[in-house]
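Notes to accompany the following structure.
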Amino acid sequence: MNNRFDLTGKTALITGATRGLGQGMAKALAEAGADIAGVGTSDLSETKEIVEGLGRSFLPIQLDVGEEENREQIIDRTLGRYGTFDILINNAGIIRRSPALEFTHKDWDDVMNINLKAAFFLSQKAAKQFVKKGISGKIINTASMLSYQGGIHVSSYTAAKSGIMGITKLLANEWAKYGINVNAIAPGYMATEMTQAIQEDPKRSGEILSRIPQGRWGTPEDVGGAAVFLASSAADYINGFTIAVDGGFLAR
């Protein structure tokens, strides 16, 4: 059974791989045997050191997925280094916080562009490669608790993450015939840079922890196992589904 989780010989392209959940997933997939092409807007040397320390290859791609021309470069650089790739993880994301009555066009467009539009069009480009080369590829999107809930003061983030759940289903419907699996991971409240302000707010952090049966914030390592599972042949019959990795938050 263990062999079904083995990713040796596979290459994964992961966006938002500089730190946090993306770095955690890169580490987990490398531990399972995959080589990694990591995309980020800032220095990727820490993730590179982690992956190469596990004996796997790492290609740093310092580009913004929000720029249309960069998405083609990301695919081309990955193919240039590895010849092909088998796994795409759309993890890059940003958040903007403001009451809905005051939310700006820029905050809406910035978040939707990176969190949803880039994920869709990178998936499209990856799928074209999979179909062209006859690869049974795996696409994993990063959803959110706000794929299930409305949240507060995060209008564009909620819209984008709800959209991620929707396009995960749509792409699974269209691409299953090519042997491509499209799924998503919805992390719960994770102790990352994006949630730093909430973690440091005793009242808000306490409210969140009271809703999590496991009684703690999640970590990037908690998401890694789900990523390996969905990237592996063990998940070949899972398609169009969003798996919550939330310590039981949604069950409360």
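Residue names in the structure tokens use chain letters A, B, ... in the order shown, residue numbers from 1 in each chain, and ligand numbers from 1 in the order shown.
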With 10 Å as the cut-off and only C-alpha atoms counted, what is the closest atom pair between each nearby residue of segment 56-169 of chain A and segment 27-40 of chain A? Distances in Å to one decimal, ordered by chain and number, as CSV.
```
residue,atom,partner,partner_atom,distance
A:Arg56,CA,A:Asp35,CA,5.3
A:Ser57,CA,A:Asp35,CA,4.9
A:Phe58,CA,A:Ile36,CA,4.9
A:Leu59,CA,A:Ala37,CA,4.5
A:Pro60,CA,A:Gly38,CA,5.2
A:Ile61,CA,A:Val39,CA,4.7
A:Gln62,CA,A:Gly40,CA,5.1
A:Leu63,CA,A:Gly40,CA,5.9
A:Asp64,CA,A:Gly40,CA,6.6
A:Val65,CA,A:Gly40,CA,8.1
A:Ile74,CA,A:Val39,CA,7.7
A:Ile75,CA,A:Ala37,CA,9.7
A:Arg77,CA,A:Ala37,CA,8.8
A:Thr78,CA,A:Ala37,CA,6.4
A:Leu79,CA,A:Ala37,CA,9.8
A:Arg81,CA,A:Ala37,CA,8.9
A:Tyr82,CA,A:Asp35,CA,8.9
A:Phe85,CA,A:Ala37,CA,9.0
A:Asp86,CA,A:Ala34,CA,9.5
A:Ile87,CA,A:Ala34,CA,9.4
A:Leu88,CA,A:Ala37,CA,9.5
A:Ile89,CA,A:Gly38,CA,9.7
A:Asn90,CA,A:Val39,CA,9.9
A:Asn91,CA,A:Val39,CA,9.5
A:Ala92,CA,A:Gly40,CA,7.7
```
Pick out each residue of segment 119-252 of chain A that DSSP on the backbone tags as strand (DSSP E); I need them as a list in words.
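Strand (DSSP E) assignments inside segment 119-252 of chain A correspond to Lys138, Ile139, Ile140, Asn141, Thr142, Asn181, Val182, Asn183, Ala184, Ile185, Ala186, Pro187, Thr242, Ile243, Ala244 and Val245 of chain A.
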Run DSSP on the backbone and grab whatever in segment 28-142 of chain A lands in alpha helix (DSSP H); send it over as a PyMOL selection string. chain A and resi 28-31+45-53+68-82+105-112+118-133
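Atom pair atom CA of Lys133 of chain A / atom CA of Ile164 of chain A: separated by 25.9 Å.
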* Pick out the residues sitting within 9 Å of segment 202-209 of chain A, and hand them over as a count of residues only; count only C-alpha atoms, and ignore anything fewer than 5 positions along from it in its own chain. => 6
Counting only C-alpha atoms, figure out which residue out of A:Ala191, A:Ile198, A:Met112, A:Val228 gets nearest to Tyr157 of chain A.
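The closest residue to Tyr157 of chain A is A:Met112.
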